[in-house]
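Have a look at work_32.cif; it's mmCIF, C-alpha atoms:
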```cif
data_upload
#
loop_
_atom_site.label_atom_id
_atom_site.label_comp_id
_atom_site.auth_asym_id
_atom_site.auth_seq_id
_atom_site.Cartn_x
_atom_site.Cartn_y
_atom_site.Cartn_z
CA MET A 26 -35.87 38.68 -26.33
CA ALA A 27 -35.73 37.85 -30.01
CA VAL A 28 -33.79 34.69 -29.28
CA ALA A 29 -36.42 33.51 -26.77
CA VAL A 30 -39.21 34.05 -29.30
CA ALA A 31 -37.24 32.16 -31.92
CA LEU A 32 -36.71 29.17 -29.62
CA ARG A 33 -40.40 29.09 -28.64
CA ASN A 34 -41.46 29.02 -32.28
CA LEU A 35 -38.86 26.41 -33.07
CA ALA A 36 -40.13 24.08 -30.31
CA ARG A 37 -43.65 24.18 -31.80
CA TRP A 38 -42.48 23.35 -35.30
CA PRO A 39 -43.12 19.67 -36.24
CA PRO A 40 -40.22 17.63 -37.56
CA ALA A 41 -39.94 17.47 -41.30
CA VAL A 42 -41.22 14.32 -43.00
CA ALA A 43 -38.76 12.62 -45.31
CA SER A 44 -39.78 13.16 -48.94
CA THR A 45 -38.17 12.92 -52.34
CA ALA A 46 -39.73 16.17 -53.48
CA ALA A 47 -37.87 19.45 -53.22
CA PRO A 48 -38.60 21.22 -49.93
CA ARG A 49 -40.92 24.19 -50.10
CA PRO A 50 -39.63 27.43 -48.66
CA ARG A 51 -40.90 28.24 -45.19
CA SER A 52 -40.78 31.42 -43.19
CA PHE A 53 -38.75 31.42 -39.95
CA PRO A 54 -38.33 34.09 -37.33
CA PHE A 55 -34.64 33.97 -38.21
CA SER A 56 -32.74 33.11 -41.33
CA ALA A 57 -31.83 29.42 -41.73
CA ASN A 58 -31.93 27.11 -44.71
CA THR A 59 -32.26 23.72 -43.07
CA ILE A 60 -32.79 22.64 -39.46
CA ARG A 61 -32.33 18.99 -38.53
CA PHE A 62 -33.66 17.48 -35.30
CA SER A 63 -31.45 15.02 -33.40
CA ALA A 64 -32.22 12.83 -30.37
CA ASN A 65 -30.29 14.96 -27.92
CA PHE A 66 -29.72 18.35 -29.50
CA ILE A 67 -30.75 20.72 -32.28
CA VAL A 68 -28.07 21.95 -34.62
CA PRO A 69 -28.29 24.35 -37.59
CA ILE A 70 -26.67 22.55 -40.50
CA VAL A 71 -26.27 25.57 -42.80
CA TYR A 72 -25.41 28.93 -41.29
CA PRO A 73 -26.95 32.17 -42.52
CA PRO A 74 -24.86 34.00 -45.09
CA LEU A 75 -24.79 36.93 -42.70
CA PHE A 76 -22.01 35.26 -40.67
CA ALA A 77 -18.66 34.74 -42.24
CA GLU A 78 -17.43 32.49 -39.41
CA PRO A 79 -19.33 29.41 -38.09
CA ARG A 80 -21.23 29.89 -34.85
CA PRO A 81 -21.08 27.44 -31.92
CA VAL A 82 -23.37 24.44 -32.15
CA LEU A 83 -26.65 25.00 -30.33
CA ARG A 84 -27.27 22.20 -27.81
CA LEU A 85 -30.68 21.98 -26.13
CA ALA A 86 -30.45 18.60 -24.45
CA ARG A 87 -32.57 19.60 -21.47
CA ALA A 88 -35.08 21.61 -23.50
CA VAL A 89 -35.88 18.81 -25.94
CA GLY A 90 -35.82 15.98 -23.41
CA GLY A 91 -39.61 15.72 -23.36
CA PHE A 92 -39.79 15.76 -27.15
CA ASP A 93 -37.28 12.88 -27.32
CA GLN A 94 -39.32 10.84 -24.90
CA VAL A 95 -42.41 11.30 -27.06
CA GLY A 96 -40.40 10.09 -30.01
CA GLY A 97 -39.43 6.93 -28.12
CA SER A 98 -35.72 7.66 -27.46
CA GLY A 99 -35.94 8.99 -23.90
CA ASN A 100 -34.33 5.86 -22.39
CA GLN A 101 -30.93 6.95 -23.67
CA SER A 102 -30.90 10.11 -21.56
CA SER A 103 -31.96 8.16 -18.46
CA LYS A 104 -29.19 5.59 -19.09
CA ASP A 105 -26.67 8.40 -19.41
CA SER A 106 -27.89 9.84 -16.12
CA VAL A 107 -27.54 6.48 -14.36
CA SER A 108 -24.01 5.93 -15.74
CA GLN A 109 -23.04 9.44 -14.70
CA LYS A 110 -24.27 8.83 -11.15
CA ALA A 111 -22.42 5.49 -11.02
CA SER A 112 -19.23 7.15 -12.21
CA THR A 113 -19.59 9.90 -9.62
CA TRP A 114 -20.02 7.30 -6.88
CA ALA A 115 -17.23 4.97 -8.07
CA GLU A 116 -14.45 7.52 -8.53
CA PRO A 117 -14.08 8.43 -4.81
CA LEU A 118 -14.16 4.72 -3.93
CA LEU A 119 -11.40 3.90 -6.42
CA ASP A 120 -9.34 6.82 -5.13
CA PHE A 121 -9.75 5.57 -1.57
CA VAL A 122 -8.69 2.04 -2.56
CA ALA A 123 -5.64 3.33 -4.43
CA THR A 124 -4.62 5.58 -1.53
CA ASN A 125 -5.05 2.88 1.13
CA PHE A 126 -4.20 -0.17 -0.96
CA LEU A 127 -1.70 -1.73 1.44
CA PRO A 128 -3.86 -1.53 4.63
CA LEU A 129 -6.84 -2.85 2.68
CA ALA A 130 -4.78 -5.75 1.31
CA LEU A 131 -3.61 -6.67 4.83
CA LEU A 132 -7.08 -6.39 6.37
CA SER A 133 -8.55 -8.43 3.52
CA GLY A 134 -6.00 -11.17 4.18
CA ILE A 135 -6.93 -11.23 7.86
CA ALA A 136 -10.64 -11.39 7.07
CA LEU A 137 -10.20 -14.22 4.57
CA GLY A 138 -8.11 -16.19 7.06
CA LEU A 139 -10.74 -15.85 9.77
CA VAL A 140 -13.71 -16.67 7.54
CA ASN A 141 -12.19 -19.68 5.77
CA PRO A 142 -8.77 -20.89 6.94
CA THR A 143 -8.55 -23.87 4.55
CA PRO A 144 -7.11 -22.00 1.51
CA GLY A 145 -4.57 -20.21 3.72
CA CYS A 146 -3.39 -23.46 5.31
CA LEU A 147 -3.09 -25.06 1.88
CA ALA A 148 -1.10 -22.07 0.63
CA HIS A 149 1.28 -22.42 3.57
CA LYS A 150 1.78 -26.14 2.86
CA LEU A 151 2.64 -25.22 -0.73
CA SER A 152 5.32 -22.81 0.58
CA LEU A 153 3.51 -19.77 -0.78
CA SER A 154 4.97 -17.70 2.08
CA GLY A 155 8.47 -18.29 0.71
CA PHE A 156 7.23 -17.43 -2.79
CA SER A 157 5.77 -14.14 -1.57
CA THR A 158 8.99 -13.17 0.20
CA CYS A 159 11.08 -14.03 -2.87
CA GLY A 160 8.65 -12.06 -5.03
CA ILE A 161 8.91 -8.97 -2.85
CA PHE A 162 12.71 -9.01 -2.95
CA PHE A 163 12.74 -9.71 -6.70
CA ILE A 164 10.53 -6.65 -7.22
CA SER A 165 12.83 -4.68 -4.93
CA GLY A 166 15.82 -5.69 -7.04
CA ILE A 167 14.21 -4.95 -10.39
CA MET A 168 13.11 -1.51 -9.14
CA LEU A 169 16.48 -0.69 -7.57
CA HIS A 170 18.39 2.12 -9.28
CA SER A 171 22.17 2.06 -9.17
CA ARG A 172 22.18 5.55 -7.71
CA GLU A 173 20.16 4.23 -4.77
CA LEU A 174 23.02 1.86 -3.94
CA GLY A 175 25.28 4.89 -3.74
CA ALA A 176 22.74 6.60 -1.49
CA ALA A 177 22.80 3.56 0.82
CA VAL A 178 26.60 3.70 1.04
CA GLU A 179 26.50 7.42 1.81
CA ALA A 180 23.92 6.80 4.56
CA TRP A 181 26.05 4.16 6.33
CA PRO A 182 25.84 5.97 9.73
CA ALA A 183 22.03 5.69 9.58
CA GLY A 184 22.27 2.04 8.61
CA LEU A 185 24.72 1.36 11.41
CA PHE A 186 22.35 2.89 13.95
CA GLY A 187 19.47 0.86 12.48
CA LEU A 188 21.40 -2.39 12.91
CA GLY A 189 22.33 -1.45 16.47
CA SER A 190 18.73 -0.59 17.30
CA ILE A 191 17.41 -3.84 15.83
CA LEU A 192 19.90 -6.30 17.33
CA LEU A 193 21.35 -4.61 20.43
CA ILE A 194 19.00 -1.94 21.83
CA THR A 195 15.39 -3.01 21.23
CA PRO A 196 15.96 -6.54 22.66
CA PHE A 197 16.28 -4.89 26.09
CA PHE A 198 12.61 -3.87 25.85
CA SER A 199 11.89 -7.54 26.53
CA ARG A 200 12.74 -6.89 30.19
CA LEU A 201 9.89 -4.38 30.38
CA VAL A 202 7.48 -6.81 28.71
CA LEU A 203 8.34 -9.58 31.20
CA GLN A 204 7.18 -7.38 34.09
CA ILE A 205 3.57 -7.79 32.94
CA GLN A 206 1.62 -10.50 34.73
CA LEU A 207 -0.75 -12.43 32.47
CA THR A 208 -2.05 -15.99 32.38
CA PRO A 209 -1.06 -18.00 30.44
CA HIS A 210 2.44 -16.58 30.83
CA GLU A 211 3.49 -17.81 27.35
CA LEU A 212 1.63 -14.88 25.82
CA ILE A 213 3.96 -12.41 27.53
CA THR A 214 7.05 -14.57 27.05
CA GLY A 215 6.33 -14.73 23.33
CA LEU A 216 6.13 -10.93 23.10
CA ALA A 217 9.40 -10.64 25.01
CA ALA A 218 11.09 -13.08 22.64
CA PHE A 219 9.68 -11.10 19.71
CA CYS A 220 11.69 -8.06 20.87
CA CYS A 221 14.93 -10.00 20.30
CA MET A 222 14.20 -10.80 16.66
CA PRO A 223 15.73 -9.06 13.60
CA THR A 224 13.62 -6.89 11.33
CA THR A 225 10.90 -8.17 9.00
CA LEU A 226 12.01 -9.90 5.81
CA SER A 227 9.77 -8.02 3.41
CA SER A 228 7.29 -5.54 4.86
CA GLY A 229 9.88 -2.95 5.94
CA VAL A 230 11.36 -2.83 2.43
CA ALA A 231 7.92 -2.71 0.79
CA LEU A 232 6.70 0.11 3.04
CA THR A 233 9.92 2.07 2.51
CA GLN A 234 9.44 1.83 -1.24
CA LEU A 235 5.82 2.97 -0.99
CA VAL A 236 6.75 6.08 1.00
CA GLY A 237 9.65 6.96 -1.29
CA GLY A 238 12.31 6.28 1.33
CA ASN A 239 15.85 5.02 0.85
CA SER A 240 14.91 1.51 -0.26
CA ALA A 241 18.54 0.48 -0.75
CA LEU A 242 19.26 1.40 2.88
CA ALA A 243 16.18 -0.55 3.97
CA LEU A 244 17.38 -3.56 1.95
CA ALA A 245 20.84 -3.39 3.48
CA MET A 246 19.48 -3.21 7.04
CA THR A 247 17.07 -6.07 6.36
CA VAL A 248 19.64 -8.43 4.89
CA LEU A 249 22.42 -7.66 7.39
CA SER A 250 20.19 -7.73 10.48
CA ASN A 251 18.78 -11.14 9.55
CA LEU A 252 22.20 -12.58 8.73
CA LEU A 253 23.81 -11.19 11.89
CA GLY A 254 20.70 -12.07 13.88
CA ILE A 255 21.41 -15.76 13.34
CA LEU A 256 24.43 -15.32 15.58
CA ILE A 257 23.08 -12.69 18.01
CA VAL A 258 19.50 -13.89 18.63
CA PRO A 259 20.46 -17.02 20.62
CA PHE A 260 22.64 -14.91 22.90
CA SER A 261 19.88 -12.32 23.42
CA LEU A 262 17.25 -14.95 24.20
CA SER A 263 19.42 -16.87 26.63
CA LYS A 264 20.59 -13.78 28.55
CA LEU A 265 17.44 -11.67 28.54
CA ILE A 266 14.68 -14.31 28.63
CA GLY A 267 15.92 -17.88 28.91
CA ALA A 268 18.30 -17.31 31.84
CA GLY A 269 20.53 -20.14 30.67
CA ALA A 270 17.74 -22.41 29.45
CA GLY A 271 20.01 -23.83 26.76
CA ILE A 272 18.37 -22.08 23.80
CA SER A 273 19.82 -22.97 20.41
CA VAL A 274 19.06 -21.78 16.90
CA PRO A 275 19.45 -23.81 13.67
CA THR A 276 22.14 -21.48 12.37
CA ALA A 277 23.08 -23.29 9.15
CA GLN A 278 19.48 -23.87 8.07
CA LEU A 279 18.41 -20.28 8.78
CA PHE A 280 21.46 -18.86 7.04
CA LYS A 281 20.78 -20.92 3.92
CA SER A 282 17.08 -20.01 3.81
CA LEU A 283 17.85 -16.29 4.21
CA ILE A 284 20.35 -16.42 1.37
CA MET A 285 17.85 -18.15 -0.90
CA MET A 286 14.85 -15.99 0.01
CA LEU A 287 16.55 -12.58 0.30
CA LEU A 288 19.83 -12.27 -1.55
CA VAL A 289 19.21 -14.50 -4.57
CA PRO A 290 15.91 -12.89 -5.74
CA LEU A 291 17.26 -9.42 -4.94
CA VAL A 292 20.42 -9.91 -7.02
CA THR A 293 18.44 -11.62 -9.79
CA GLY A 294 16.07 -8.67 -10.11
CA LYS A 295 18.94 -6.19 -10.14
CA VAL A 296 20.85 -8.16 -12.81
CA ILE A 297 17.75 -8.34 -15.04
CA ARG A 298 17.27 -4.58 -14.69
CA ASP A 299 20.87 -3.72 -15.53
CA SER A 300 21.10 -6.17 -18.44
CA SER A 301 18.02 -4.91 -20.31
CA LYS A 302 17.32 -1.23 -20.88
CA SER A 303 13.79 -1.94 -22.12
CA VAL A 304 12.97 -3.83 -18.91
CA ALA A 305 14.30 -0.97 -16.80
CA GLU A 306 12.24 1.58 -18.72
CA TYR A 307 9.11 -0.58 -18.46
CA VAL A 308 9.56 -0.98 -14.70
CA ASP A 309 10.14 2.76 -14.24
CA ARG A 310 6.97 3.56 -16.19
CA ASN A 311 4.93 1.14 -14.05
CA ARG A 312 6.47 1.63 -10.62
CA ARG A 313 3.04 2.14 -9.06
CA SER A 314 1.79 -1.17 -10.45
CA PHE A 315 4.87 -3.03 -9.21
CA SER A 316 4.41 -1.45 -5.77
CA MET A 317 0.81 -2.69 -5.71
CA ILE A 318 1.95 -6.20 -6.65
CA SER A 319 4.45 -6.05 -3.80
CA ALA A 320 1.64 -4.98 -1.45
CA ILE A 321 -0.49 -7.95 -2.58
CA LEU A 322 2.40 -10.34 -1.94
CA LEU A 323 2.83 -8.78 1.49
CA GLY A 324 -0.89 -9.27 2.19
CA LEU A 325 -0.44 -13.02 1.73
CA VAL A 326 1.60 -13.16 4.97
CA PRO A 327 -1.20 -12.27 7.43
CA TRP A 328 -3.64 -14.35 5.38
CA MET A 329 -1.60 -17.52 5.87
CA GLN A 330 -0.60 -16.74 9.47
CA VAL A 331 -4.19 -16.09 10.58
CA SER A 332 -5.40 -19.19 8.73
CA ARG A 333 -2.83 -21.37 10.52
CA SER A 334 -3.51 -19.89 13.98
CA ARG A 335 -7.30 -19.57 13.78
CA SER A 336 -8.12 -22.64 15.89
CA LEU A 337 -5.56 -21.70 18.53
CA LEU A 338 -6.81 -18.13 18.56
CA LEU A 339 -10.37 -19.28 19.22
CA ALA A 340 -9.18 -21.48 22.11
CA VAL A 341 -7.82 -18.51 24.09
CA LYS A 342 -10.22 -16.39 26.15
CA PRO A 343 -11.07 -13.27 24.12
CA ALA A 344 -10.34 -10.88 27.01
CA ILE A 345 -6.90 -12.38 27.68
CA PHE A 346 -5.99 -12.41 24.02
CA ALA A 347 -7.20 -8.82 23.60
CA ILE A 348 -4.91 -7.72 26.45
CA ALA A 349 -1.95 -9.49 24.83
CA VAL A 350 -2.73 -7.91 21.47
CA GLY A 351 -3.05 -4.49 23.09
CA MET A 352 0.32 -4.92 24.79
CA GLY A 353 1.85 -5.85 21.43
CA VAL A 354 0.40 -2.74 19.78
CA LEU A 355 1.70 -0.59 22.64
CA LEU A 356 5.12 -2.21 22.26
CA HIS A 357 5.26 -1.32 18.58
CA PHE A 358 4.29 2.29 19.27
CA ILE A 359 7.08 2.43 21.86
CA LEU A 360 9.59 1.16 19.28
CA LEU A 361 8.38 3.71 16.74
CA ALA A 362 8.67 6.53 19.26
CA PHE A 363 12.11 5.39 20.43
CA ASN A 364 13.57 5.17 16.92
CA THR A 365 12.01 8.46 15.86
CA ILE A 366 13.41 10.33 18.86
CA ALA A 367 16.80 8.64 18.51
CA VAL A 368 17.17 9.42 14.79
CA ARG A 369 16.12 13.05 15.22
CA SER A 370 18.46 13.46 18.18
CA LEU A 371 21.35 12.03 16.14
CA SER A 372 20.42 14.43 13.36
CA VAL A 373 20.80 17.41 15.71
CA VAL A 374 24.06 16.14 17.19
CA SER A 375 25.72 15.19 13.89
CA GLY A 376 25.25 18.39 11.89
CA GLY A 377 21.58 19.35 11.68
CA ASP A 378 20.24 19.72 8.14
CA GLN A 379 23.53 18.51 6.63
CA SER A 380 23.44 15.20 8.50
CA VAL A 381 22.50 11.92 6.81
CA PHE A 382 20.01 11.39 9.64
CA SER A 383 18.10 14.56 8.69
CA LYS A 384 17.36 13.41 5.14
CA LYS A 385 13.73 12.39 4.89
CA GLU A 386 14.49 9.27 2.84
CA ASN A 387 17.00 7.92 5.37
CA LEU A 388 14.95 8.88 8.42
CA ARG A 389 11.84 7.09 7.21
CA ALA A 390 13.74 3.98 6.18
CA VAL A 391 15.40 3.67 9.61
CA ILE A 392 12.20 4.34 11.55
CA ILE A 393 10.19 1.73 9.64
CA VAL A 394 12.80 -1.02 9.41
CA ALA A 395 14.24 -0.62 12.92
CA SER A 396 10.78 -0.69 14.54
CA GLN A 397 9.60 -3.98 13.02
CA LYS A 398 10.35 -7.55 14.09
CA THR A 399 10.17 -10.68 12.00
CA LEU A 400 7.87 -13.63 12.63
CA PRO A 401 9.47 -16.44 10.53
CA VAL A 402 12.73 -16.34 12.52
CA LEU A 403 10.76 -16.45 15.78
CA VAL A 404 8.79 -19.47 14.56
CA ALA A 405 12.01 -21.26 13.59
CA VAL A 406 13.55 -20.49 16.98
CA VAL A 407 10.46 -21.61 18.94
CA GLU A 408 10.35 -24.89 17.05
CA GLN A 409 13.92 -25.59 18.17
CA LEU A 410 13.20 -24.72 21.81
CA GLN A 411 11.02 -27.83 22.25
CA GLY A 412 8.98 -26.26 25.05
CA ALA A 413 11.90 -24.70 26.97
CA LEU A 414 9.95 -21.42 27.35
CA GLY A 415 6.43 -22.89 27.39
CA GLU A 416 3.78 -24.06 24.95
CA SER A 417 4.99 -23.30 21.43
CA GLY A 418 1.57 -22.37 20.04
CA LEU A 419 0.87 -19.89 22.83
CA LEU A 420 4.33 -18.36 22.41
CA VAL A 421 3.75 -17.71 18.72
CA LEU A 422 0.10 -16.62 18.89
CA PRO A 423 0.54 -13.03 20.23
CA CYS A 424 3.51 -12.57 17.90
CA VAL A 425 1.32 -13.43 14.91
CA ALA A 426 -1.08 -10.68 15.97
CA LEU A 427 1.78 -8.24 16.59
CA HIS A 428 3.39 -9.07 13.25
CA ILE A 429 0.14 -8.24 11.47
CA ASN A 430 -0.59 -5.17 13.60
CA GLN A 431 2.84 -3.64 13.09
CA ILE A 432 2.43 -3.84 9.31
CA ILE A 433 -1.05 -2.31 9.48
CA ILE A 434 0.07 0.47 11.83
CA ASP A 435 3.10 1.30 9.70
CA SER A 436 1.02 1.28 6.53
CA PHE A 437 -1.16 4.00 8.04
CA VAL A 438 1.99 5.89 9.08
CA VAL A 439 3.20 5.62 5.47
CA ASN A 440 -0.13 6.95 4.19
CA TRP A 441 0.09 9.84 6.64
CA TRP A 442 3.61 10.68 5.42
CA LEU A 443 2.47 10.56 1.79
CA ARG A 444 -0.49 12.86 2.42
CA ARG A 445 1.75 15.29 4.30
CA ASP A 446 4.14 15.31 1.33
CA GLN A 447 1.26 16.03 -1.03
CA MET A 448 0.05 18.90 1.14
CA SER A 449 3.53 20.42 1.32
CA ALA A 450 3.98 20.06 -2.46
CA LYS A 451 0.79 21.94 -3.36
CA PRO A 452 2.11 25.49 -2.66
CA LYS A 453 5.21 24.72 -4.74
CA GLU A 454 3.08 23.70 -7.72
CA VAL A 455 1.12 26.94 -7.52
#
```
Would you mind giving the structure from this file in structure tokens?
Amino acid sequence: MAVAVALRNLARWPPAVASTAAPRPRSFPFSANTIRFSANFIVPIVYPPLFAEPRPVLRLARAVGGFDQVGGSGNQSSKDSVSQKASTWAEPLLDFVATNFLPLALLSGIALGLVNPTPGCLAHKLSLSGFSTCGIFFISGIMLHSRELGAAVEAWPAGLFGLGSILLITPFFSRLVLQIQLTPHELITGLAAFCCMPTTLSSGVALTQLVGGNSALALAMTVLSNLLGILIVPFSLSKLIGAGAGISVPTAQLFKSLIMMLLVPLVTGKVIRDSSKSVAEYVDRNRRSFSMISAILLGLVPWMQVSRSRSLLLAVKPAIFAIAVGMGVLLHFILLAFNTIAVRSLSVVSGGDQSVFSKKENLRAVIIVASQKTLPVLVAVVEQLQGALGESGLLVLPCVALHINQIIIDSFVVNWWLRRDQMSAKPKEV
């Protein structure tokens, strides 16, 4: 009660006027030598001799708000309130962007390609797609720990299954795709040919890194499947789709481009990491930033592909194209389900929890990499077919959509895995 009376009397007291004369003694309801008024709070400068230890500073920001406004400094409190509201609104948005950075980067690339295709077409002419692929593999190499290479060697059974799934098993899904009747038939034929392709050159590795999977295993499957695919893809296309149509692949050219775009930047990044301890420490401290750069480089792929195919996309009836896109999405979900069931079944058969297939890092790497198919190899193959399977543009068009959709779908799968890991880690932290 005494404190309330003291505060009421204090609020009525006018501020002291600056003067050179010595201050006259005044009577207060409580002992204090000097009281100074500030814009936002009131603080006793000298404490009563009764207390040996200093008391906490008395802050009355809300109580003196009206007094500050009369004095002409009320705008500061309103500005602070506005900045606080802006900060409260911006923090959840920034958290959402950071959590879903890869899907947002991919969707932004698609939107930019649809709105204005000119920059994307120019970027493709300048070979920016090759630059982005080299950049992703350079980042993969510079982030690659030597112990991860050992983990890839130990997980060779998982890698062997991944290669078999990519090059020998999933191409047979093309027979199921060819049973669908759709006009123009090139849309379905293109999806069937897409099943015979090796895995993606960059997105599988980038997604595996983001989810904390065995990135060295993902790299090994990516490089080997694309190199072996140069020899196996022509056979798969001719037997499963072409029926002896005389399909040929530019083997030497593809082999050289894969070496330059995959192996060279990967080895270069790894050599730089191992030759400089300071570089390795810097990369390890900023792994999240390097992963975001890799996601941006990956987002350039759908941006350029959509920009190049925009006119052709608009020429196809929306309903027909939507059916083809839906079939491509269904096909990717089938591949994800098949590889998930296969890896978990092999885990049970080969030793349960002690199996290399049961390790979360290996399982996720195999599921992601073995379920994706690459678009650049398909484009190179279609260009060499010279219309043997139909109109080249219509063959590639649904594959462009599927290539983008599979990355978007898998990015959401990766986010789901990461959130599940966070939820399972919370009880351990407590």
Residues returned when the PyMOL selection byres ((chain A and resi 191) around 9) runs on this file, as a PyMOL selection string: chain A and resi 186-190+192-196+220-224+250+394-398
Selection export as a PDB file, in the coordinates of the input, atoms kept: C-alpha atoms:
```pdb
ATOM      1  CA  PHE A 186      22.350   2.890  13.950  1.00  0.00           C
ATOM      2  CA  GLY A 187      19.470   0.860  12.480  1.00  0.00           C
ATOM      3  CA  LEU A 188      21.400  -2.390  12.910  1.00  0.00           C
ATOM      4  CA  GLY A 189      22.330  -1.450  16.470  1.00  0.00           C
ATOM      5  CA  SER A 190      18.730  -0.590  17.300  1.00  0.00           C
ATOM      6  CA  LEU A 192      19.900  -6.300  17.330  1.00  0.00           C
ATOM      7  CA  LEU A 193      21.350  -4.610  20.430  1.00  0.00           C
ATOM      8  CA  ILE A 194      19.000  -1.940  21.830  1.00  0.00           C
ATOM      9  CA  THR A 195      15.390  -3.010  21.230  1.00  0.00           C
ATOM     10  CA  PRO A 196      15.960  -6.540  22.660  1.00  0.00           C
ATOM     11  CA  CYS A 220      11.690  -8.060  20.870  1.00  0.00           C
ATOM     12  CA  CYS A 221      14.930 -10.000  20.300  1.00  0.00           C
ATOM     13  CA  MET A 222      14.200 -10.800  16.660  1.00  0.00           C
ATOM     14  CA  PRO A 223      15.730  -9.060  13.600  1.00  0.00           C
ATOM     15  CA  THR A 224      13.620  -6.890  11.330  1.00  0.00           C
ATOM     16  CA  SER A 250      20.190  -7.730  10.480  1.00  0.00           C
ATOM     17  CA  VAL A 394      12.800  -1.020   9.410  1.00  0.00           C
ATOM     18  CA  ALA A 395      14.240  -0.620  12.920  1.00  0.00           C
ATOM     19  CA  SER A 396      10.780  -0.690  14.540  1.00  0.00           C
ATOM     20  CA  GLN A 397       9.600  -3.980  13.020  1.00  0.00           C
ATOM     21  CA  LYS A 398      10.350  -7.550  14.090  1.00  0.00           C
TER      22      LYS A 398
END
```
For the file shown, what are the residues hit by the PyMOL selection byres ((chain A and resi 202) around 12), laid out as a PyMOL selection string? chain A and resi 195-201+203-207+210-221+265-266+349+352-353+355-357+359
Nearest to A:Leu388 by atom-to-atom distance, counting all atoms listed in the file, from A:Arg445, A:Ala340, A:Lys150, A:Gly238: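 Ranked by minimum distance to A:Leu388, first place goes to A:Gly238.
Atom CA of A:Ala183 is positioned 6.8 Å from atom CA of A:Val381.
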How many Å separate atom CA of A:Trp328 from atom CA of A:Ala426?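 Separation between atom CA of A:Trp328 and atom CA of A:Ala426: 11.5 Å.
Each of A:Thr293, A:Asn311, A:Asn364, A:Ser300 was checked against A:Ile392 using only C-alpha atoms; the smallest atom-to-atom distance is that of A:Asn364.
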